[in-house]
Every structure is written in structure tokens, then in C-alpha cells.
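**Student:** Just passing along the structure, written as C-alpha cells.
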Amino acid sequence: MSEDNFEYWRWREYHLIVPNVRLEKAKVITAGIDIGSVSSKAAIMVDGKIYSISVMRTGSSSPDSAKKVLENALEGTGIKLRDINYIVGTGYGRVNVPMANSTVTEIACHAKGANYIWGPTVRTILDVGGQDIKAIRCDERGKVLSFLMNDKCAAGTGRGMEVLADLLKIPIEEMGAASLKVDEEPDPVSCTCVAFARTEAISLLRRGWSKEKVLASYMRAMAIRMCNLLERVGCEKDLVITGGQSKNIGIVSRVEEITGFKTLPPPNWRENGRDPMAAGAIGAALFAKALFEKTANKA
Amino acid sequence: MKNSSDKKYSIEISQKEAEEIRNAIKAASLKVMDEYIERMKKSWPNRPEAMQYFYDIAKFFGTREREIQEAKEEGKKVIGYTCMLAPIELILAADAIPVRVSSGFYDPVKLGNRIVPVEVCPVVRSTIGVEMIGLSPYLKLSDALITPLTCDGMTKLSEILSDSKPVWTLYPPRLKDSEQSMFFWREELRTLKAKIEKLTRTKITAKKLKAAIEIMHKATRAFRRLQEIRKDAPVIMGRDAMLVNQTSMWDDIKRWTEKTEELCNELERRIREKVWACPPDTPRVMIAGSPAIWPDNWKLPNLVEEASPQGVIVADELCSGDRFLFDPVGVDEWTMDDMFKAVAERYLLPSTCPCFTSEDGNKDRVNWLTARIEERRVDGVIYHVFRGCMLYAMEYMRIKRVLDKINVPVYYLDTDYTREDVGQIKTRVEAFLEMLKSRVEF
């Protein structure tokens, strides 16, 4: 691929099977499917333990994205769709997940998922997705106590990162690190609007700013927006970040600096599947287990 | 009709343009009303027959419009009002027809935007737009309007509407609890009474005022009986109860009272027979804050009762709802003086509108809310605020603090007269309902 055609915004899709999960004695197999505005995530759980995770880009149709990401998650697992006892759909596309037995909002799922990923000490979750930001407070069981969402616009969300990656020709997964390569943190950009991100960045570049400085300035503004939300919801430790931007060190470090809270480090997710980006799908799969057991008890 | 040069705010809009826009919005509104009623029926399949009457009356551009039109042809006067501080007893005592005219239509907001900035509360912008094209039958048929100057929006709305109709302002004192306030308010109502008498050419005598108070006493009794029923496990969906409450603002109040009593008979039977409208463990929600006005601004009630997990609205604290007919006029002696005083008190003292303040910081509102939350066993409160509705927005912190203390979750939901945010609000509402439900499940 020539440099001109390189898609800098493309982040890596992946599929991961957690080794050492015994299928033979499985009692309950559940799945959670989280259809976000930018990425779709699926988690397969065996008796409440992660077995397989798949993260893909969301296509133009939610049902197709749901189908694709679930198929991807099942691949090579030996589990067939019909083996799954219960499926919960979540994310903005949750009502369009045809195979789901029921839906739960991404807010409850992220709380539940974060509780599973990091354990019972998690009290505040900052979920930064493709087009929205949520600040969630939860108890030691991962139950939502209160939450706040950003306004109707996508300002300061992950989608802006894709736009900038394309413009600055920096691969999206390297942007966070790049943004930290500045001698001095610049002032935040005045406007984090995704639609104006390009215009704003171009004007800064013309002013002679380096790419890194532009990124630092934009991410600072994003982090400030997130921290405002955190402050309003009432940040309490332990704080964790979920969603796609949990992988952006430029955002994570700035949120930590502004709030003064250290976030819990992302666990060794490449081995155990506890990927903060898939927290919604993991939470959904946990709800699926609870809902399946509830229905089974009733029957 | 005044010449355009005399108009303070209104802009020229040709009759042709007005007619075109009116027809388009009217056609769309008829569809919306049908759709919403169908959706309400769907969430409550085993509803009693007595509900049908209210669905019929809820349809603007229908039976009730014709009735009022005919009454007008026979010489009756119609007096509109923009806010529940307007004393309905005085209108009835002059044999006139009271109708509430604050608008719940979404589309006319665009027209209102031609006159006032988009930051202004959508009820005001929509009411302006509705008047520009003559959309609301009730506003159109009003011979005069009573416009209480409560918030900034309502104050200027009054001026803007005065371009096309006689407008009688009512100036409520923002401090309720003092002798001078009560004195001032009574004088305001005395002036209003004279204006009503002049328009209707009817003297409001003690006999007539007594009859009007008695009509409203009966209406209040029926109204309270319905709200009382909502204390129990749900035998009526919240949206339906809200619609019944709201139809009292344009229906013939005597007939409305009879029909509401009929509905209550049926609902009380259902309580005895334990015929619930939805599972008894459905999260019980209260809506507080800015009014939810039929037809278009049924957005939030629709979302709550169609959500997954479903909620049921067992109470609201809206001037378009549970507060409207809640308080009876308390008469000691049936003398003109006493009755008049009692009417004045009834409209000022129990009002929990955030336009009022006092040394204790509108404690009345806090008390009203906490009393309803307790008696209706409310699980959570959705605090509904329109963009530009400053007073409700500003009182949120005060209310939240009180609710936090009694461990009742509250969610602040800001919205506008638009359909575009339904998706986002849905996620927020559903997450809130999940939160209420998870207090018992998972």
C-alpha cells in the first residue's frame, strides 16, 4: 500500500480466545454484543468466564455488524450460535441486534464489565466511546448508582481521533504517545467539535505548530471535557477508563493529571480477554448469564 | 386586528403562507396524536372502556373544538390562559369557557424562532408560532388571554401575544408568604374580575361565584380521587392518567368530572380485583420540572412507559399535570368577600412553581415533592428541564440535595421541542430505569 492510500485512522480489529477455558463441563454459555457507533464488540462467556472476545468496526447496518462480530467471536471456539444460552445486546445499536434475547443499556453494562475486569474496588468509570462520553458511579457489585452522559454532540469523543489521524498522517494507535512528545503542554484547542476538528487542526498547523503539539492541544481539550463530566458525577477512587479511548495514553495520562486520580492500569487483556474497550460486551455477557439463570429459575 | 405598524413583535406572514404551514402542521399533528394514542393503548391492552372518552377529547381539531365554536356562536366568550395561576372560578362564574393555551406542538417552534432567540424556552417559542398560524383551536377561539407573569419567558410571551389579542396580565408576587403579597394579589384578581365582567357582560355575583367554586370542588375531588388511585399497584398507566389530567384544561369541566368519576369507579374495582395495568414490581417513576404538554411533548412519558425495562409514571410535579387541580378553594363563609379571598389564596399559596421564593427557599415545593414521593412510593425521579427553562434548572440542586437525603435517585434530563434527541434520551431513561430495577434484581 502506498503512503497516500494508508488508512491512518484504522485501528486494529482483533479476535482473541482465552486459553485454558474448559468447554466440556460448561453449564451456561452466554454472549454480550455491544454495537457502538464506531466499533462493535462481542464477548462469549462460559460460566461467567471470558472465553472469546472480538472487536470490529461497526458497519452501516447494526444487524449485520452484530452478526459479523458474533460470528468472528465464535470462530475457532467450537461453540455454535445455538449453543449459546442467552445473548444480551447493548450499545447505541442494541435494539438492532436480531439474535439478542434482551437488551441492557451500555451504562449498566460498562459498570458491570468494569467490575469484572478490575474487581470490586472500582467506583467511577469513564467510558469514552466513538461518539459519546459517560461518567458512571457504581457500587462494589458493579451496580450503577448514578451516571452522566455528554450532550447531544460528539465533541471530544473517539471519532475526533480518527479524523485527526487521517489529517496528520499518524497511525491512530500511535497518536497518544505522539501527543506526549511535546516540551510543554499547549493550551487546549477552543473547540473539540468533531465536525470542526479538521479546520481547527489545519489552522494550528498553518500557524507553525508541530503535529504533536496539535494533538496535545486537542487531547487536552478532550480530557478537560471528560473531567468536567467526572467532576459533575463526583469522582471517587478507584477510577477506570473504558471504551476505545482507554487505549489512548494521551487521554489517560491527561485525565489522571487533571483529576489527580490514578486510573487502574489495564489488566493483561491480551491474555485474559479483559479488554477495557470491550467492557460493555463483557458486562452484557454477564447480564446474559444473570438473566438466563433468572428465567431458568422461573421455569 | 391591529395594523402591522402597531405591532410590537409580530412579523408579517402572508395569509397564504400561514395557511400552508398550518395545514401541513395540522396534518402531521393529527397523525402524531393518533399514533401516540395507539401506542398508549398498546402499553395498556386491558384498559377500561371509560378511557376512550379521554382519547377522543385529547384529539385537537375535533369534537371539543366544534363545541366551543358553537358555544361562541351562541354568544359565549372563551378565555384562554397560559399558566395555572389563572383563576378558573372567575372565568366560569362569568359563564365563559376557560381553556389553557400553552403549546405542546413541536413544529411551530421554527416560527417562534423568527421572533425570539432559540435560547428561549420552547413552550414560549411554540406558543408564539401557534398564534402566528392559528394552529391551536383553543388559542384561536380565545377572546382574551390571562397571562400570569411568572418567569421571564411567560412575561414576554404575554407582550408578544398582545399583538393579536386582548391580553390580561396577572402579576404574582414572587414572595408568597406575606400580608402585602396577598393584598397585592387580591387587587390583581379584582382588576382581572372587572375585565372578565366587561368582556362577558356578566356580573360575577356571589351566587355565580359560589356555583363556579362548587363546580371546581367537584372537579378537584375527581382529580384527587384519580391521583389517590395511583398510590396503589398500577391499575392505570401514567401516560393515561396524565392525559386525563390534561384534558381537564380544555374539556367542559362538568362533563370531565363525570367521566373521571366513571373512570375512577372502574379503576377502584380493578384495585379490588388486582387487575394491574403493568406488573406491580415495575419501577415507579415521578416526573418533576418543566411541563409535558400534549400532543408533541409526550416524548418523555412515552419513553418511560415504552422503555426496556419499562417504568410506570405514578406521579408528576408538573403544572400541566398532578398539580393542576390538586387544591380546592377553601371557603369559610359563602360571602362574596370570603369567596373572593379564598379563590385568591388558592391560586397563590399552594403553588409550587419555582418562580416563587421565600426565606426558606421555596420549601413548599420541597414539601410537595417529598409528600408525593412518600405516598405514591416513588422509586426514582426524572427531573425534566427544557432548554431555556432557567427557574426549574436552577432549583435542581436544591431538590437533588433533598432527594439524596431520603435516598431517592434523581436524573436530570434536559431536552427541547425536538424529535432528534429521542435516541439519546432513550439510553439515559433506560439506564435510569435499570438502575431503579437493579435495586432489587441482579
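Chains: A, B, ... in order of the C-alpha cells. Residues: from 1 per chain. Ligands: from 1, in order shown.
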Do a neighbour search on B:Glu187 at 12 Å with only C-alpha atoms, toss out local chain neighbours closer than 4 positions, and write the hits as a short mmCIF file (atom, residue, chain, number, x, y, z; two decimals) with C-alpha atoms, in the first residue's frame.
**Tutor:**
data_model
loop_
_atom_site.label_atom_id
_atom_site.label_comp_id
_atom_site.auth_asym_id
_atom_site.auth_seq_id
_atom_site.Cartn_x
_atom_site.Cartn_y
_atom_site.Cartn_z
CA LEU B 170 -51.56 38.91 36.18
CA TYR B 171 -48.57 39.78 38.26
CA PRO B 172 -47.95 37.23 41.00
CA PRO B 173 -45.79 38.46 43.87
CA GLN B 180 -48.62 42.71 51.42
CA SER B 181 -48.19 39.99 48.79
CA MET B 182 -51.64 38.61 49.48
CA PHE B 183 -53.10 42.11 49.41
CA THR B 191 -58.83 44.09 38.35
CA LEU B 192 -59.00 40.86 36.38
CA LYS B 193 -62.53 40.23 37.59
CA ALA B 194 -63.63 43.61 36.25
CA PHE B 340 -63.01 36.00 46.59
CA LYS B 341 -60.28 35.85 49.21
CA ALA B 344 -57.05 34.34 45.53
#
**Student:** Check every residue of chain B for an atom within 8 Å of chain A, counting only C-alpha atoms, and provide those that qualify as a PDB file with N, CA, C and O atoms, in the first residue's frame.
**Tutor:**
ATOM      1  N   SER B 308     -37.291  -0.316  27.889  1.00  0.00           N
ATOM      2  CA  SER B 308     -36.932  -1.657  28.311  1.00  0.00           C
ATOM      3  C   SER B 308     -35.719  -1.510  29.228  1.00  0.00           C
ATOM      4  O   SER B 308     -34.668  -1.138  28.749  1.00  0.00           O
ATOM      5  N   PRO B 409     -33.232   8.206  43.992  1.00  0.00           N
ATOM      6  CA  PRO B 409     -32.398   8.623  42.862  1.00  0.00           C
ATOM      7  C   PRO B 409     -33.139   9.636  41.980  1.00  0.00           C
ATOM      8  O   PRO B 409     -34.361   9.541  41.798  1.00  0.00           O
ATOM      9  N   ASP B 421     -33.578  14.180  19.619  1.00  0.00           N
ATOM     10  CA  ASP B 421     -32.816  13.632  20.744  1.00  0.00           C
ATOM     11  C   ASP B 421     -33.472  12.405  21.373  1.00  0.00           C
ATOM     12  O   ASP B 421     -33.040  11.945  22.416  1.00  0.00           O
ATOM     13  N   GLN B 424     -30.937   9.509  22.158  1.00  0.00           N
ATOM     14  CA  GLN B 424     -30.044   9.735  23.295  1.00  0.00           C
ATOM     15  C   GLN B 424     -30.802   9.698  24.619  1.00  0.00           C
ATOM     16  O   GLN B 424     -30.333   9.152  25.603  1.00  0.00           O
ATOM     17  N   THR B 427     -31.546   6.122  25.837  1.00  0.00           N
ATOM     18  CA  THR B 427     -30.467   5.452  26.565  1.00  0.00           C
ATOM     19  C   THR B 427     -30.415   5.935  28.006  1.00  0.00           C
ATOM     20  O   THR B 427     -30.273   5.147  28.943  1.00  0.00           O
ATOM     21  N   ARG B 428     -30.565   7.257  28.191  1.00  0.00           N
ATOM     22  CA  ARG B 428     -30.496   7.799  29.547  1.00  0.00           C
ATOM     23  C   ARG B 428     -31.649   7.279  30.407  1.00  0.00           C
ATOM     24  O   ARG B 428     -31.459   6.856  31.547  1.00  0.00           O
ATOM     25  N   GLU B 430     -33.504   4.598  29.920  1.00  0.00           N
ATOM     26  CA  GLU B 430     -33.411   3.154  30.166  1.00  0.00           C
ATOM     27  C   GLU B 430     -32.341   2.844  31.211  1.00  0.00           C
ATOM     28  O   GLU B 430     -32.537   1.981  32.064  1.00  0.00           O
ATOM     29  N   ALA B 431     -31.224   3.554  31.139  1.00  0.00           N
ATOM     30  CA  ALA B 431     -30.178   3.316  32.135  1.00  0.00           C
ATOM     31  C   ALA B 431     -30.691   3.685  33.529  1.00  0.00           C
ATOM     32  O   ALA B 431     -30.393   3.002  34.509  1.00  0.00           O
ATOM     33  N   GLU B 434     -33.033   0.926  34.629  1.00  0.00           N
ATOM     34  CA  GLU B 434     -32.238  -0.252  35.013  1.00  0.00           C
ATOM     35  C   GLU B 434     -31.675  -0.077  36.415  1.00  0.00           C
ATOM     36  O   GLU B 434     -31.664  -1.005  37.223  1.00  0.00           O
ATOM     37  N   MET B 435     -31.238   1.160  36.655  1.00  0.00           N
ATOM     38  CA  MET B 435     -30.670   1.468  37.957  1.00  0.00           C
ATOM     39  C   MET B 435     -31.720   1.271  39.049  1.00  0.00           C
ATOM     40  O   MET B 435     -31.441   0.679  40.094  1.00  0.00           O
ATOM     41  N   SER B 438     -32.382  -2.458  39.350  1.00  0.00           N
ATOM     42  CA  SER B 438     -31.287  -3.268  39.886  1.00  0.00           C
ATOM     43  C   SER B 438     -31.201  -3.144  41.403  1.00  0.00           C
ATOM     44  O   SER B 438     -30.447  -3.854  42.045  1.00  0.00           O
ATOM     45  N   PHE B 442     -30.668  -8.611  39.878  1.00  0.00           N
ATOM     46  CA  PHE B 442     -29.270  -8.881  39.515  1.00  0.00           C
ATOM     47  C   PHE B 442     -28.361  -9.002  40.740  1.00  0.00           C
ATOM     48  O   PHE B 442     -27.946  -8.009  41.310  1.00  0.00           O
TER      49      PHE B 442
END
**Student:** For atom CA of B:Thr418 and atom CA of B:Asp296, quote the distance in Å rounded to one decimal.
**Tutor:**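 Atom CA of B:Thr418 sits 9.0 Å away from atom CA of B:Asp296.
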**Student:** Need to verify the contact set: A:Arg10, 8 Å, only C-alpha atoms, exclusion of same-chain residues closer than 4 positions in sequence. Can you return it as a ChimeraX atom specification?
**Tutor:** /A:162,171-172
**Student:** Pick out the residues sitting within 8 Å of B:Cys278, and hand them over as a PyMOL selection string; count only C-alpha atoms, and ignore anything fewer than 2 positions along from it in its own chain.
**Tutor:** chain B and resi 44+234-235+237+276+280+282+312
**Student:** Which of these residues is nearest to A:Asn20, using only C-alpha atoms: A:Thr295, A:Met56, A:Pro63, A:Thr77?
**Tutor:**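 The shortest atom-to-atom distance to A:Asn20 comes from A:Thr77.
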**Student:** With distances taken over only C-alpha atoms, which of A:Glu7, A:Asn96, A:Glu184, A:Tyr14 is nearest to A:Leu164?
**Tutor:**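 Ranking A:Glu7, A:Asn96, A:Glu184, A:Tyr14 by distance to A:Leu164, first place goes to A:Glu7.
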**Student:** When you look at A:Ala73 with a cut-off of 7 Å (counting only C-alpha atoms), what residues show up, excluding the ones that are within fewer than 5 positions of it in the same chain? I need them as a PyMOL selection string.
**Tutor:** chain A and resi 15+42-43+52-54
**Student:** Print the selection's residues with all heavy atoms to a file, as an mmCIF file, in the first residue's frame.
**Tutor:**
data_model
loop_
_atom_site.group_PDB
_atom_site.id
_atom_site.type_symbol
_atom_site.label_atom_id
_atom_site.label_comp_id
_atom_site.auth_asym_id
_atom_site.auth_seq_id
_atom_site.Cartn_x
_atom_site.Cartn_y
_atom_site.Cartn_z
ATOM 1 N N HIS A 15 -9.476 -10.705 17.285
ATOM 2 C CA HIS A 15 -10.251 -11.798 17.873
ATOM 3 C C HIS A 15 -9.318 -12.565 18.781
ATOM 4 O O HIS A 15 -8.191 -12.854 18.408
ATOM 5 C CB HIS A 15 -10.819 -12.701 16.772
ATOM 6 C CG HIS A 15 -11.497 -13.916 17.343
ATOM 7 N ND1 HIS A 15 -11.397 -15.143 16.766
ATOM 8 C CD2 HIS A 15 -12.261 -14.057 18.448
ATOM 9 C CE1 HIS A 15 -12.082 -16.020 17.507
ATOM 10 N NE2 HIS A 15 -12.606 -15.378 18.524
ATOM 11 N N ALA A 42 -17.937 -8.200 20.763
ATOM 12 C CA ALA A 42 -18.684 -9.365 21.228
ATOM 13 C C ALA A 42 -17.842 -10.095 22.263
ATOM 14 O O ALA A 42 -16.622 -10.161 22.132
ATOM 15 C CB ALA A 42 -19.026 -10.290 20.071
ATOM 16 N N ALA A 43 -18.509 -10.575 23.309
ATOM 17 C CA ALA A 43 -17.820 -11.374 24.318
ATOM 18 C C ALA A 43 -18.599 -12.668 24.515
ATOM 19 O O ALA A 43 -19.816 -12.639 24.655
ATOM 20 C CB ALA A 43 -17.728 -10.609 25.633
ATOM 21 N N SER A 52 -14.005 -15.809 24.713
ATOM 22 C CA SER A 52 -13.620 -15.258 23.420
ATOM 23 C C SER A 52 -14.087 -13.808 23.319
ATOM 24 O O SER A 52 -15.159 -13.457 23.799
ATOM 25 C CB SER A 52 -14.267 -16.107 22.326
ATOM 26 O OG SER A 52 -14.212 -15.444 21.090
ATOM 27 N N ILE A 53 -13.244 -12.990 22.705
ATOM 28 C CA ILE A 53 -13.578 -11.570 22.521
ATOM 29 C C ILE A 53 -13.327 -11.212 21.061
ATOM 30 O O ILE A 53 -12.331 -11.645 20.483
ATOM 31 C CB ILE A 53 -12.653 -10.667 23.394
ATOM 32 C CG1 ILE A 53 -12.855 -10.919 24.880
ATOM 33 C CG2 ILE A 53 -12.843 -9.184 23.060
ATOM 34 C CD1 ILE A 53 -13.969 -10.161 25.517
ATOM 35 N N SER A 54 -14.210 -10.434 20.508
ATOM 36 C CA SER A 54 -13.972 -9.942 19.158
ATOM 37 C C SER A 54 -14.274 -8.452 19.106
ATOM 38 O O SER A 54 -15.275 -7.991 19.661
ATOM 39 C CB SER A 54 -14.861 -10.699 18.168
ATOM 40 O OG SER A 54 -14.808 -10.064 16.915
#
**Student:** For the structure I just gave you, how does DSSP split stretch 1-247 of chain A - specifically, which residues are helix (DSSP H, G or I)? Reply as a ChimeraX atom specification.
**Tutor:** /A:3-5,62-74,81-83,94-96,106-118,158-168,172-179,197-206,211-233,244-247
**Student:** Could you go through stretch 377-407 of chain B and tell me which residues DSSP, when run on the backbone, assigns to strand (DSSP E or B), listing them as a list in words?
**Tutor:**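 Matching residues, listed in order: Gly380, Val381, Ile382, Tyr383, His384, Val385 and Phe386 of chain B.
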**Student:** Next, the residues of the selection above should be written as a short mmCIF file (atom, residue, chain, number, x, y, z; two decimals), in the first residue's frame with N, CA and C atoms.
**Tutor:**
data_model
loop_
_atom_site.label_atom_id
_atom_site.label_comp_id
_atom_site.auth_asym_id
_atom_site.auth_seq_id
_atom_site.Cartn_x
_atom_site.Cartn_y
_atom_site.Cartn_z
N GLY B 380 -37.94 6.54 41.78
CA GLY B 380 -36.94 7.46 41.24
C GLY B 380 -37.62 8.63 40.54
N VAL B 381 -36.90 9.75 40.50
CA VAL B 381 -37.47 10.98 39.92
C VAL B 381 -36.69 11.37 38.67
N ILE B 382 -37.40 11.66 37.60
CA ILE B 382 -36.74 12.24 36.43
C ILE B 382 -37.04 13.73 36.45
N TYR B 383 -35.99 14.51 36.53
CA TYR B 383 -36.14 15.96 36.62
C TYR B 383 -36.02 16.52 35.21
N HIS B 384 -37.16 16.89 34.66
CA HIS B 384 -37.29 17.26 33.24
C HIS B 384 -37.13 18.77 33.09
N VAL B 385 -36.13 19.17 32.31
CA VAL B 385 -35.91 20.62 32.14
C VAL B 385 -35.77 20.97 30.67
N PHE B 386 -36.55 21.95 30.24
CA PHE B 386 -36.40 22.44 28.87
C PHE B 386 -35.18 23.32 28.80
#
**Student:** I'd like the neighbourhood of B:Glu359 as a list in words, where a residue qualifies if any of its atoms comes within 12 Å (using only C-alpha atoms), though same-chain residues fewer than 6 positions away should be ignored.
**Tutor:** Arg174, Leu175, Lys176, Asp177 and Ser178 of chain B
**Student:** Grab the residues selected above and save them as a PDB file, in the first residue's frame with N, CA, C and O atoms.
**Tutor:**
ATOM      1  N   ARG B 174     -43.594  37.461  43.888  1.00  0.00           N
ATOM      2  CA  ARG B 174     -42.688  36.308  43.956  1.00  0.00           C
ATOM      3  C   ARG B 174     -42.446  35.813  45.381  1.00  0.00           C
ATOM      4  O   ARG B 174     -41.936  34.721  45.584  1.00  0.00           O
ATOM      5  N   LEU B 175     -42.761  36.662  46.330  1.00  0.00           N
ATOM      6  CA  LEU B 175     -42.725  36.218  47.725  1.00  0.00           C
ATOM      7  C   LEU B 175     -44.166  35.964  48.144  1.00  0.00           C
ATOM      8  O   LEU B 175     -44.958  36.898  48.201  1.00  0.00           O
ATOM      9  N   LYS B 176     -44.475  34.708  48.417  1.00  0.00           N
ATOM     10  CA  LYS B 176     -45.877  34.401  48.684  1.00  0.00           C
ATOM     11  C   LYS B 176     -46.306  34.751  50.097  1.00  0.00           C
ATOM     12  O   LYS B 176     -47.420  35.194  50.325  1.00  0.00           O
ATOM     13  N   ASP B 177     -45.381  34.489  51.041  1.00  0.00           N
ATOM     14  CA  ASP B 177     -45.807  34.450  52.432  1.00  0.00           C
ATOM     15  C   ASP B 177     -45.762  35.799  53.137  1.00  0.00           C
ATOM     16  O   ASP B 177     -45.035  35.963  54.105  1.00  0.00           O
ATOM     17  N   SER B 178     -46.525  36.765  52.621  1.00  0.00           N
ATOM     18  CA  SER B 178     -46.583  37.993  53.396  1.00  0.00           C
ATOM     19  C   SER B 178     -47.931  38.655  53.172  1.00  0.00           C
ATOM     20  O   SER B 178     -48.597  38.410  52.166  1.00  0.00           O
TER      21      SER B 178
END
**Student:** I'd like the interatomic distance between atom CA of A:Thr259 and atom CA of A:Asn272, to a tenth of an Å.
**Tutor:**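 Atom CA of A:Asn272 lies 29.1 Å from atom CA of A:Thr259.
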